[in-house]
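Enquirer: Okay, here's the structure, questions in a sec.
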Amino acid sequence: METPAIPVPEARSAVPASLRGLLPVLLALPVLALFQWLMSDAPFASYLLSVVGVNIILAVSLNIVNGMTGQFSIGHAGFMAVGAYISGVLSLNLKDVALSFLPVAVSDQVFFVVSLLVGGLAAALCGFLVGLPSLRLRGDYLAIVTLGFGEIIRVVVQNTDAFGRALGLSGIPQTSSPAMVYFWVFLTVLVARRITGSSHGRSLWAIREDEVAAEAMGVDTTGYKVRAFVISSFFAGIAGALFAHFVPIINPGSFTFVKSMEIVVMVVLGGLGSTTGAIVAATFLTLLPEGMRSLFTLLGAEGSLAQKVDQIRMPVYGLLLVALMLARPQGLFGTKEIWDVLPRWIPRKRRGLA
Amino acid sequence: MSAAVQETKAEAGAPLLQADGVSIQFGGLKALTDFNLSVRQGDLQGLIGPNGAGKSTAFNVLTGVYQPTQGEVRVGGQRVNGWLPHQINHLGLARTFQNIRLFRALTALDNVKVACRAQGALHPEGVGLGAKMKGAFINYRDWWRALLLTPRFQQEERELTQQAEHLLEVMGLSHRRDEEARNLPYGEQRRLEIARALGTQPKVLLLDEPAAGMNTREKADLMVLIRKLRDDFKLGVLVIEHDMKLVMGICECITVLDHGETIARGAPAQVRNDRKVIEAYLGDSYLESHGGAA
């Protein structure tokens, strides 16, 4: 079909400017309610999708720092741990408290949201404290500092009674639901997208492209890097807090350097700078081991072989990465986004129908 | 209108950019010694010298990339020793780079928008704590506006786009609006860098070898363009250039550096015949064989 010469009016212009900020949220809520209804009878699917959701939040938030801003943080699991433990301990302590004027289920959710936010803010504060000194410098310092931070958090948790030491925390109220997880997934993606489309996002991209030039053009490079890092840490904390409320037990083993690298792999695999890529890669890499496990079960090779699948996940990652970096060095999506491509298709289809 | 003209005339006297006895030392190496400079509105000055004379170092000191070991730099009357490059840029000093430093993966339009925005977010970033707090507050408010996509934010984005489009038009780059900067031909990349610098609404523009790698015709066009920019945007311009013809053609005042020291300053004709300048550029032997020039 030939592209007509008449400029296509923007589809969004039908929405009043004052509503555009809120519209995605209004559209998302019924979808999430439907999703929750579908998931209510499927505990395993709920669990698996929650894990996928948490990983999406982690990958998309890390992409703000590693992809858009071009810095290299490899301690994302540390911020996740901060969120998980702070909110976990809070929820444990508030377990028996209820707001008397609300039904118990609603009251639980209120406390859950509060503890999520506290976890996220604690992680953001850590992000600020870690980022402020290390982001003044250029290059690899951030990688070293974040690596150290992740390990420090793990060791601190391992040696603190309040955090259950190596045994971990159990008995955290399981107040999370797939709808809540995906609400935060939605918020993270929305924030990432709006940053990209704003002048702040352009400043971050400019820092990624050329820090010296960005500084010379009046961009407060240190300030912007710290802000990006704080936002990223906040969502990592939220992801950890969500995680803590649907797994039976959290222990330091869940937040090791391996976990951090897993997230970095997701971001690189999807394409540094592409939120879409981060979502796709996080989903794929989380479901891959499960899919393999199911496959082996189907083949009748249950038991020991199925258990081994989990162990070969890292070699599979490695092979995948090597193969991908050879075939597509810029990652699956490069810096492209699905929403940059879609608007061009939709009006064309509409015209075709009309 | 008339008030604006009067204001311009009144301001024309005060130096917008001033270097007072600036020296910079890297370990034992004196890269720049007792460097003095004063750029006023409407000036078109040149900074020349052989390779390694300290021209780019001088630019880097003026823009805050390096800190002077001695002396002081003033932008718009404000002492800026110890300021960061982006803060100095906010005072009205913009530059281009010798080796082009565009945001390569961004479109031409976005390159300019980055610069325009940084000025929109211009905060009273002084050295004081109060000013810093205020700047931080404005910045966080701006972030929330962007995240919530408020009507005001959308309006600002439209204005930024218009502003950037205008600058692209001035530099003859409208047809490259949505092209990634790295895909532009060399000459257009140079022009885009100037457009980006203008986006920061400077009072003084520093051009680091703007004609490098251009052919004779492009250089001639550039000379006309630089003059036009100075007049249209009411700038003071300081150019580093190797091409003598270009510098002599457009600059009213030329400073010559050699080994970090200022060896001559004055009108093109005066500098051209200066014995020290010829010596620096062509060597003693040339003077001996030609019986000297001055």
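All residue names refer to the structure tokens as shown: chains lettered A, B, ... in order, residues numbered from 1 in each chain, ligands numbered from 1 in order.
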Could you work out which residues of chain B fall inside 6 Å of chain A? Count only C-alpha atoms, and format the result as a compact mmCIF listing (two decimals) with N, CA and C atoms, in the first residue's frame.
Expert:
```txt
# COMPACT_ATOMS: atom_id res chain seq x y z
N PRO B 85 31.49 23.13 34.33
CA PRO B 85 31.21 23.58 32.97
C PRO B 85 29.73 23.90 32.73
N HIS B 86 28.81 23.10 33.28
CA HIS B 86 27.40 23.38 32.98
C HIS B 86 26.93 24.66 33.65
N ASN B 89 28.21 27.41 31.52
CA ASN B 89 27.36 27.47 30.34
C ASN B 89 26.07 28.24 30.62
N PHE B 103 25.78 14.31 20.05
CA PHE B 103 25.16 13.13 20.65
C PHE B 103 24.76 12.25 19.48
N VAL B 114 18.28 19.15 23.60
CA VAL B 114 19.03 18.93 24.85
C VAL B 114 19.59 20.26 25.34
N ALA B 115 20.21 20.98 24.42
CA ALA B 115 20.83 22.25 24.79
C ALA B 115 19.78 23.28 25.17
N ALA B 118 18.38 22.53 28.70
CA ALA B 118 19.28 22.80 29.82
C ALA B 118 19.14 24.26 30.25
N LEU B 147 6.72 13.24 34.59
CA LEU B 147 6.18 11.91 34.87
C LEU B 147 4.66 11.90 34.83
N LEU B 148 4.05 13.00 35.26
CA LEU B 148 2.59 13.07 35.26
C LEU B 148 2.04 13.60 33.94
N LEU B 149 2.95 14.01 33.06
CA LEU B 149 2.57 14.50 31.73
C LEU B 149 1.55 15.63 31.84
N PRO B 151 -0.35 19.25 31.43
CA PRO B 151 -0.52 20.10 30.25
C PRO B 151 0.64 21.10 30.12
```
Enquirer: Quick one: residues within 10 Å of B:Ile250, only C-alpha atoms counted, chain neighbours fewer than 4 positions away excluded, as a count of residues only?
Expert: 11
Enquirer: If we count only C-alpha atoms and set the cut-off at 10 Å, which residues sit around stretch 74-81 of chain A, ignoring sequence neighbours fewer than 5 positions away in its own chain? Please answer as a short mmCIF file (atom, residue, chain, number, x, y, z; two decimals) with N, CA, C and O atoms, in the first residue's frame.
Expert:
```
data_model
loop_
_atom_site.label_atom_id
_atom_site.label_comp_id
_atom_site.auth_asym_id
_atom_site.auth_seq_id
_atom_site.Cartn_x
_atom_site.Cartn_y
_atom_site.Cartn_z
N VAL A 54 8.30 -9.27 38.74
CA VAL A 54 9.38 -8.70 39.54
C VAL A 54 10.63 -8.52 38.69
O VAL A 54 11.30 -7.48 38.73
N LEU A 58 12.73 -5.13 37.69
CA LEU A 58 14.17 -5.00 37.90
C LEU A 58 14.88 -4.63 36.61
O LEU A 58 15.72 -3.72 36.57
N ALA A 59 14.55 -5.32 35.53
CA ALA A 59 15.25 -5.07 34.27
C ALA A 59 14.94 -3.68 33.72
O ALA A 59 15.85 -2.95 33.29
N SER A 61 13.98 -1.05 35.38
CA SER A 61 14.57 0.01 36.20
C SER A 61 16.09 0.06 36.02
O SER A 61 16.67 1.14 35.97
N LEU A 62 16.72 -1.10 35.88
CA LEU A 62 18.17 -1.08 35.66
C LEU A 62 18.49 -0.45 34.31
O LEU A 62 19.53 0.21 34.14
N ASN A 66 21.70 1.71 33.22
CA ASN A 66 22.68 1.09 32.32
C ASN A 66 22.40 1.38 30.86
O ASN A 66 23.32 1.47 30.05
N ILE A 86 13.62 -4.55 54.29
CA ILE A 86 12.99 -3.46 55.04
C ILE A 86 11.48 -3.65 55.07
O ILE A 86 10.84 -3.61 56.13
N SER A 87 10.88 -3.89 53.91
CA SER A 87 9.43 -4.03 53.89
C SER A 87 9.01 -5.35 54.55
O SER A 87 7.96 -5.42 55.19
N GLY A 119 9.86 0.21 51.64
CA GLY A 119 10.97 -0.56 51.05
C GLY A 119 11.59 0.16 49.87
O GLY A 119 12.82 0.26 49.76
N GLY A 120 10.73 0.68 49.00
CA GLY A 120 11.21 1.39 47.82
C GLY A 120 12.00 2.63 48.20
O GLY A 120 13.08 2.89 47.66
N ALA A 122 13.51 3.23 51.04
CA ALA A 122 14.78 2.85 51.69
C ALA A 122 15.82 2.54 50.62
O ALA A 122 16.98 2.97 50.71
N ALA A 123 15.40 1.81 49.59
CA ALA A 123 16.33 1.49 48.50
C ALA A 123 16.76 2.76 47.77
O ALA A 123 17.93 2.91 47.40
N ALA A 124 15.81 3.68 47.58
CA ALA A 124 16.14 4.93 46.90
C ALA A 124 17.16 5.73 47.70
O ALA A 124 18.10 6.31 47.14
N LEU A 125 16.98 5.72 49.03
CA LEU A 125 17.94 6.42 49.89
C LEU A 125 19.33 5.80 49.75
O LEU A 125 20.33 6.52 49.60
N CYS A 126 19.38 4.47 49.75
CA CYS A 126 20.67 3.79 49.54
C CYS A 126 21.24 4.19 48.17
O CYS A 126 22.45 4.42 48.04
N GLY A 127 20.37 4.24 47.16
CA GLY A 127 20.82 4.63 45.83
C GLY A 127 21.44 6.01 45.84
O GLY A 127 22.48 6.26 45.22
N LEU A 142 31.42 3.34 39.15
CA LEU A 142 30.09 2.95 39.60
C LEU A 142 29.98 1.43 39.66
O LEU A 142 29.40 0.89 40.60
N ALA A 143 30.55 0.75 38.66
CA ALA A 143 30.49 -0.71 38.64
C ALA A 143 31.13 -1.28 39.90
O ALA A 143 30.56 -2.13 40.58
N ILE A 144 32.31 -0.76 40.23
CA ILE A 144 33.03 -1.27 41.40
C ILE A 144 32.24 -0.99 42.68
O ILE A 144 32.05 -1.87 43.52
N VAL A 145 31.75 0.25 42.80
CA VAL A 145 31.04 0.63 44.02
C VAL A 145 29.75 -0.17 44.16
O VAL A 145 29.43 -0.68 45.25
N THR A 146 28.98 -0.33 43.08
CA THR A 146 27.72 -1.06 43.19
C THR A 146 27.97 -2.54 43.47
O THR A 146 27.22 -3.17 44.22
N LEU A 147 29.00 -3.07 42.87
CA LEU A 147 29.38 -4.46 43.16
C LEU A 147 29.65 -4.62 44.65
O LEU A 147 29.13 -5.53 45.31
N GLY A 148 30.44 -3.69 45.19
CA GLY A 148 30.74 -3.71 46.63
C GLY A 148 29.48 -3.55 47.46
O GLY A 148 29.27 -4.29 48.42
N PHE A 149 28.61 -2.62 47.05
CA PHE A 149 27.38 -2.36 47.81
C PHE A 149 26.54 -3.63 47.90
O PHE A 149 26.06 -3.99 48.98
N GLY A 150 26.36 -4.30 46.76
CA GLY A 150 25.55 -5.52 46.75
C GLY A 150 26.07 -6.55 47.73
O GLY A 150 25.31 -7.16 48.50
N GLU A 151 27.39 -6.70 47.75
CA GLU A 151 27.98 -7.69 48.65
C GLU A 151 27.85 -7.26 50.11
O GLU A 151 27.57 -8.08 50.98
N ILE A 152 28.04 -5.96 50.36
CA ILE A 152 27.93 -5.46 51.74
C ILE A 152 26.53 -5.74 52.28
O ILE A 152 26.37 -6.24 53.40
N ILE A 153 25.51 -5.42 51.47
CA ILE A 153 24.14 -5.64 51.91
C ILE A 153 23.93 -7.11 52.27
O ILE A 153 23.37 -7.46 53.31
N ARG A 154 24.43 -7.99 51.40
CA ARG A 154 24.24 -9.42 51.63
C ARG A 154 24.91 -9.86 52.95
O ARG A 154 24.31 -10.57 53.75
N VAL A 157 23.03 -8.49 56.01
CA VAL A 157 21.82 -9.27 56.26
C VAL A 157 22.15 -10.61 56.88
O VAL A 157 21.50 -11.08 57.82
N SER A 232 15.95 4.44 39.66
CA SER A 232 16.20 3.03 39.39
C SER A 232 16.23 2.22 40.69
O SER A 232 15.64 1.14 40.78
N SER A 233 16.90 2.75 41.71
CA SER A 233 16.99 2.05 42.99
C SER A 233 15.61 1.92 43.64
O SER A 233 15.29 0.89 44.23
N PHE A 234 14.81 2.97 43.50
CA PHE A 234 13.48 2.94 44.09
C PHE A 234 12.69 1.75 43.55
O PHE A 234 12.11 0.97 44.31
N PHE A 235 12.70 1.59 42.24
CA PHE A 235 11.91 0.50 41.65
C PHE A 235 12.52 -0.86 41.96
O PHE A 235 11.79 -1.85 42.08
N ALA A 236 13.84 -0.91 42.10
CA ALA A 236 14.45 -2.17 42.52
C ALA A 236 13.97 -2.53 43.92
O ALA A 236 13.68 -3.70 44.21
N GLY A 237 13.88 -1.51 44.79
CA GLY A 237 13.38 -1.75 46.14
C GLY A 237 11.94 -2.22 46.12
O GLY A 237 11.56 -3.15 46.86
N ILE A 238 11.12 -1.61 45.27
CA ILE A 238 9.73 -2.04 45.13
C ILE A 238 9.68 -3.49 44.68
O ILE A 238 8.90 -4.31 45.21
N ALA A 239 10.51 -3.84 43.70
CA ALA A 239 10.54 -5.21 43.20
C ALA A 239 10.88 -6.18 44.33
O ALA A 239 10.22 -7.22 44.49
N GLY A 240 11.88 -5.81 45.12
CA GLY A 240 12.26 -6.66 46.25
C GLY A 240 11.12 -6.80 47.25
O GLY A 240 10.83 -7.90 47.74
N ALA A 241 10.46 -5.68 47.53
CA ALA A 241 9.36 -5.69 48.50
C ALA A 241 8.21 -6.57 48.01
O ALA A 241 7.64 -7.35 48.78
N LEU A 242 7.89 -6.47 46.73
CA LEU A 242 6.84 -7.32 46.16
C LEU A 242 7.24 -8.79 46.31
O LEU A 242 6.46 -9.63 46.74
N PHE A 243 8.49 -9.05 45.95
CA PHE A 243 9.05 -10.41 46.01
C PHE A 243 8.87 -10.99 47.42
O PHE A 243 8.44 -12.13 47.59
N ALA A 244 9.19 -10.18 48.43
CA ALA A 244 9.14 -10.64 49.81
C ALA A 244 7.72 -11.03 50.24
O ALA A 244 7.55 -11.79 51.17
N ILE A 250 12.43 -15.35 52.41
CA ILE A 250 13.51 -14.63 51.72
C ILE A 250 14.80 -14.87 52.50
O ILE A 250 14.82 -14.80 53.73
N ASN A 251 15.86 -15.19 51.79
CA ASN A 251 17.16 -15.33 52.45
C ASN A 251 18.24 -14.69 51.58
O ASN A 251 18.00 -14.37 50.41
N PRO A 252 19.42 -14.45 52.17
CA PRO A 252 20.46 -13.71 51.44
C PRO A 252 20.81 -14.37 50.10
O PRO A 252 21.27 -13.71 49.18
N SER A 254 18.97 -15.21 47.81
CA SER A 254 18.17 -14.70 46.68
C SER A 254 18.75 -13.41 46.10
O SER A 254 18.31 -12.95 45.05
N PHE A 255 19.69 -12.79 46.81
CA PHE A 255 20.14 -11.46 46.39
C PHE A 255 21.65 -11.40 46.19
O PHE A 255 22.32 -10.45 46.57
N THR A 256 22.18 -12.45 45.58
CA THR A 256 23.63 -12.51 45.40
C THR A 256 24.06 -11.77 44.14
O THR A 256 23.24 -11.24 43.39
N PHE A 257 25.35 -11.79 43.92
CA PHE A 257 25.90 -11.18 42.71
C PHE A 257 25.34 -11.84 41.46
O PHE A 257 25.12 -11.18 40.44
N VAL A 258 25.07 -13.15 41.57
CA VAL A 258 24.50 -13.87 40.43
C VAL A 258 23.17 -13.24 40.02
O VAL A 258 22.88 -13.07 38.83
N LYS A 259 22.35 -12.88 41.02
CA LYS A 259 21.06 -12.24 40.72
C LYS A 259 21.29 -10.91 39.99
O LYS A 259 20.62 -10.59 39.01
N SER A 260 22.27 -10.13 40.50
CA SER A 260 22.58 -8.84 39.84
C SER A 260 22.95 -9.07 38.38
O SER A 260 22.48 -8.36 37.49
N MET A 261 23.79 -10.06 38.16
CA MET A 261 24.23 -10.32 36.79
C MET A 261 23.08 -10.77 35.92
O MET A 261 22.99 -10.42 34.75
N GLU A 262 22.17 -11.54 36.51
CA GLU A 262 20.98 -11.98 35.78
C GLU A 262 20.24 -10.77 35.21
O GLU A 262 19.82 -10.77 34.06
N ILE A 263 20.10 -9.74 36.05
CA ILE A 263 19.37 -8.55 35.62
C ILE A 263 20.15 -7.81 34.53
O ILE A 263 19.58 -7.36 33.53
N VAL A 264 21.47 -7.72 34.73
CA VAL A 264 22.29 -7.07 33.70
C VAL A 264 22.15 -7.81 32.38
O VAL A 264 21.99 -7.19 31.31
#
```
Enquirer: Would you kindly return, as a list in words, each protein, DNA or RNA residue with an atom no farther than 8 Å from any atom of B:Leu32, considering only C-alpha atoms and excluding same-chain residues fewer than 5 positions away?
Expert: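 My reading of the contact set: Val22, Ser23, Ile24, Gln25, Gly54, Thr57, Ala58, His259, Gly260 and Glu261 of chain B.
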Enquirer: What are the DSSP helix (DSSP H, G or I) residues of stretch 175-273 of chain B, as a VMD selection string?
Expert: chain B and resid 175 to 176 181 to 183 186 to 199 216 to 232 244 to 250 268 to 272
Enquirer: Which residues, written as a list in words, have at least one atom at most 12 Å from A:Ala179, with only C-alpha atoms counted and residues fewer than 4 positions away on the same chain left out?
Expert: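 Here the qualifying residues turn out to be Ala28, Leu29, Pro30, Val31, Leu32, Ala33, Leu34, Phe35, Gln36, Trp37, Leu38, Met39, Ser40, Ser46, Tyr47, Leu49, Ser50, Gly53, Val54, Gln109, Thr175, Phe183, Trp184, Val185, Phe186 and Leu242 of chain A.
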Enquirer: Please produce a file of the residues just selected, as an mmCIF file, in the first residue's frame, where the atoms kept are C-alpha atoms.
Expert:
```cif
data_model
loop_
_atom_site.group_PDB
_atom_site.id
_atom_site.type_symbol
_atom_site.label_atom_id
_atom_site.label_comp_id
_atom_site.auth_asym_id
_atom_site.auth_seq_id
_atom_site.Cartn_x
_atom_site.Cartn_y
_atom_site.Cartn_z
ATOM 1 C CA ALA A 28 -4.803 -0.279 33.052
ATOM 2 C CA LEU A 29 -6.988 -0.736 36.150
ATOM 3 C CA PRO A 30 -9.829 -2.771 34.554
ATOM 4 C CA VAL A 31 -7.270 -4.877 32.690
ATOM 5 C CA LEU A 32 -5.515 -5.634 35.966
ATOM 6 C CA ALA A 33 -8.843 -6.496 37.646
ATOM 7 C CA LEU A 34 -9.644 -8.947 34.850
ATOM 8 C CA PHE A 35 -6.151 -10.381 35.126
ATOM 9 C CA GLN A 36 -6.567 -10.895 38.865
ATOM 10 C CA TRP A 37 -9.891 -12.659 38.303
ATOM 11 C CA LEU A 38 -8.294 -15.005 35.772
ATOM 12 C CA MET A 39 -5.398 -15.790 38.098
ATOM 13 C CA SER A 40 -7.460 -16.386 41.248
ATOM 14 C CA SER A 46 0.208 -16.651 39.806
ATOM 15 C CA TYR A 47 3.532 -17.345 41.420
ATOM 16 C CA LEU A 49 3.847 -14.591 36.637
ATOM 17 C CA SER A 50 4.696 -12.675 39.807
ATOM 18 C CA GLY A 53 6.730 -9.308 36.887
ATOM 19 C CA VAL A 54 9.379 -8.696 39.539
ATOM 20 C CA GLN A 109 -3.571 -4.255 51.407
ATOM 21 C CA THR A 175 -0.438 -10.159 50.760
ATOM 22 C CA PHE A 183 0.352 -2.637 38.630
ATOM 23 C CA TRP A 184 3.934 -1.839 39.619
ATOM 24 C CA VAL A 185 5.242 -3.320 36.382
ATOM 25 C CA PHE A 186 2.899 -0.957 34.620
ATOM 26 C CA LEU A 242 6.843 -7.324 46.160
#
```
Enquirer: Near B:Gln162, counting only C-alpha atoms, which residues have an atom at most 12 Å away, once you skip same-chain residues fewer than 3 positions from it, shown as a list in words?
Expert: Leu109, Asp110, Val112, Lys113, Cys116, Arg117, Gln155, Glu156, Glu157, Arg158, Glu159, Glu165, His166, Leu167, Leu168, Glu169, Ser174, Arg177 and Gly199 of chain B
Enquirer: Output all heavy atoms of each residue in that selection to a file, as a compact mmCIF listing (two decimals), in the first residue's frame.
Expert:
```txt
# COMPACT_ATOMS: atom_id res chain seq x y z
N LEU B 109 17.33 17.13 15.72
CA LEU B 109 16.42 17.94 16.53
C LEU B 109 16.69 17.73 18.01
O LEU B 109 16.77 18.70 18.78
CB LEU B 109 14.97 17.59 16.19
CG LEU B 109 13.92 18.41 16.91
CD1 LEU B 109 13.86 19.81 16.31
CD2 LEU B 109 12.57 17.76 16.88
N ASP B 110 16.83 16.48 18.42
CA ASP B 110 17.05 16.19 19.85
C ASP B 110 18.38 16.75 20.34
O ASP B 110 18.48 17.17 21.49
CB ASP B 110 16.98 14.68 20.10
CG ASP B 110 15.54 14.20 20.20
OD1 ASP B 110 14.65 15.07 20.27
OD2 ASP B 110 15.31 12.98 20.19
N VAL B 112 19.70 19.51 19.50
CA VAL B 112 19.49 20.92 19.82
C VAL B 112 18.56 21.06 21.03
O VAL B 112 18.76 21.92 21.88
CB VAL B 112 18.92 21.67 18.60
CG1 VAL B 112 18.79 23.15 18.90
CG2 VAL B 112 19.81 21.45 17.39
N LYS B 113 17.57 20.15 21.10
CA LYS B 113 16.62 20.24 22.22
C LYS B 113 17.31 20.02 23.57
O LYS B 113 16.93 20.63 24.57
CB LYS B 113 15.49 19.22 22.03
CG LYS B 113 14.34 19.76 21.19
CD LYS B 113 13.38 18.66 20.82
CE LYS B 113 12.18 18.62 21.73
NZ LYS B 113 11.19 17.60 21.28
N CYS B 116 18.68 23.35 24.41
CA CYS B 116 17.63 24.33 24.70
C CYS B 116 17.07 24.08 26.10
O CYS B 116 16.87 25.00 26.88
CB CYS B 116 16.48 24.21 23.71
SG CYS B 116 16.89 24.69 22.05
N ARG B 117 16.84 22.80 26.39
CA ARG B 117 16.22 22.44 27.66
C ARG B 117 17.10 22.83 28.85
O ARG B 117 16.63 23.38 29.83
CB ARG B 117 15.98 20.94 27.70
CG ARG B 117 15.57 20.44 29.05
CD ARG B 117 14.33 21.16 29.51
NE ARG B 117 14.12 20.98 30.94
CZ ARG B 117 13.05 21.41 31.55
NH1 ARG B 117 12.12 22.04 30.87
NH2 ARG B 117 12.91 21.24 32.84
N GLN B 155 3.11 21.64 26.95
CA GLN B 155 3.29 22.96 26.33
C GLN B 155 4.78 23.28 26.21
O GLN B 155 5.26 23.73 25.17
CB GLN B 155 2.56 24.01 27.17
CG GLN B 155 2.74 25.43 26.71
CD GLN B 155 2.12 25.64 25.34
OE1 GLN B 155 1.21 24.92 24.94
NE2 GLN B 155 2.64 26.61 24.58
N GLU B 156 5.52 23.03 27.29
CA GLU B 156 6.96 23.29 27.29
C GLU B 156 7.67 22.49 26.21
O GLU B 156 8.56 22.98 25.52
CB GLU B 156 7.56 22.93 28.65
CG GLU B 156 7.48 24.06 29.66
CD GLU B 156 7.98 23.62 31.04
OE1 GLU B 156 8.62 22.56 31.14
OE2 GLU B 156 7.70 24.34 31.99
N GLU B 157 7.27 21.22 26.07
CA GLU B 157 7.87 20.37 25.05
C GLU B 157 7.65 20.95 23.66
O GLU B 157 8.55 20.98 22.83
CB GLU B 157 7.27 18.96 25.10
CG GLU B 157 7.87 18.07 26.16
CD GLU B 157 9.32 17.69 25.86
OE1 GLU B 157 9.60 17.15 24.78
OE2 GLU B 157 10.17 17.95 26.72
N ARG B 158 6.44 21.44 23.41
CA ARG B 158 6.14 22.03 22.10
C ARG B 158 7.01 23.26 21.86
O ARG B 158 7.53 23.46 20.77
CB ARG B 158 4.65 22.39 22.01
CG ARG B 158 3.76 21.21 21.65
CD ARG B 158 2.38 21.68 21.23
NE ARG B 158 1.65 22.24 22.36
CZ ARG B 158 0.91 21.50 23.20
NH1 ARG B 158 0.82 20.21 23.04
NH2 ARG B 158 0.27 22.06 24.19
N GLU B 159 7.16 24.07 22.90
CA GLU B 159 7.99 25.27 22.75
C GLU B 159 9.44 24.92 22.46
O GLU B 159 10.08 25.53 21.62
CB GLU B 159 7.90 26.13 24.03
CG GLU B 159 6.60 26.89 24.15
CD GLU B 159 6.38 27.49 25.53
OE1 GLU B 159 7.35 27.48 26.33
OE2 GLU B 159 5.27 27.92 25.80
N GLU B 165 13.65 23.76 16.21
CA GLU B 165 13.40 23.76 14.76
C GLU B 165 13.87 25.07 14.15
O GLU B 165 14.43 25.10 13.05
CB GLU B 165 11.91 23.55 14.49
CG GLU B 165 11.52 22.08 14.51
CD GLU B 165 10.02 21.88 14.47
OE1 GLU B 165 9.27 22.87 14.65
OE2 GLU B 165 9.60 20.73 14.26
N HIS B 166 13.64 26.15 14.88
CA HIS B 166 14.07 27.45 14.39
C HIS B 166 15.58 27.48 14.21
O HIS B 166 16.10 27.96 13.20
CB HIS B 166 13.61 28.54 15.37
CG HIS B 166 14.18 29.89 15.06
ND1 HIS B 166 13.82 30.61 13.94
CD2 HIS B 166 15.11 30.64 15.70
CE1 HIS B 166 14.49 31.73 13.91
NE2 HIS B 166 15.29 31.78 14.97
N LEU B 167 16.30 26.96 15.21
CA LEU B 167 17.76 26.96 15.13
C LEU B 167 18.26 26.09 13.98
O LEU B 167 19.22 26.44 13.29
CB LEU B 167 18.37 26.50 16.45
CG LEU B 167 18.33 27.54 17.56
CD1 LEU B 167 18.74 26.94 18.89
CD2 LEU B 167 19.24 28.71 17.22
N LEU B 168 17.61 24.96 13.78
CA LEU B 168 17.99 24.10 12.66
C LEU B 168 17.80 24.85 11.35
O LEU B 168 18.61 24.76 10.43
CB LEU B 168 17.16 22.82 12.65
CG LEU B 168 17.50 21.76 13.71
CD1 LEU B 168 16.59 20.56 13.56
CD2 LEU B 168 18.95 21.33 13.59
N GLU B 169 16.72 25.61 11.27
CA GLU B 169 16.43 26.37 10.06
C GLU B 169 17.52 27.42 9.82
O GLU B 169 18.02 27.56 8.71
CB GLU B 169 15.06 27.03 10.21
CG GLU B 169 14.43 27.42 8.90
CD GLU B 169 13.12 28.15 9.15
OE1 GLU B 169 12.35 27.70 10.02
OE2 GLU B 169 12.90 29.18 8.48
N SER B 174 17.17 22.08 8.40
CA SER B 174 15.79 21.63 8.59
C SER B 174 15.52 20.29 7.95
O SER B 174 14.78 19.46 8.48
CB SER B 174 14.82 22.66 8.00
OG SER B 174 14.84 23.81 8.79
N ARG B 177 16.19 17.21 10.18
CA ARG B 177 15.55 17.24 11.49
C ARG B 177 15.52 15.89 12.21
O ARG B 177 15.92 15.77 13.36
CB ARG B 177 14.12 17.75 11.30
CG ARG B 177 13.31 17.93 12.54
CD ARG B 177 11.93 18.41 12.14
NE ARG B 177 11.07 18.68 13.28
CZ ARG B 177 10.33 17.75 13.88
NH1 ARG B 177 10.38 16.51 13.46
NH2 ARG B 177 9.57 18.07 14.90
N GLY B 199 21.60 26.79 20.99
CA GLY B 199 20.44 26.38 21.76
C GLY B 199 20.56 26.75 23.22
O GLY B 199 19.56 26.96 23.91
```
Enquirer: What does the distance between atom CA of B:Cys253 and atom CA of B:Val237 come to in Å, to one decimal place?
Expert: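 Atom-to-atom, atom CA of B:Cys253 and atom CA of B:Val237 are spaced 10.8 Å apart.
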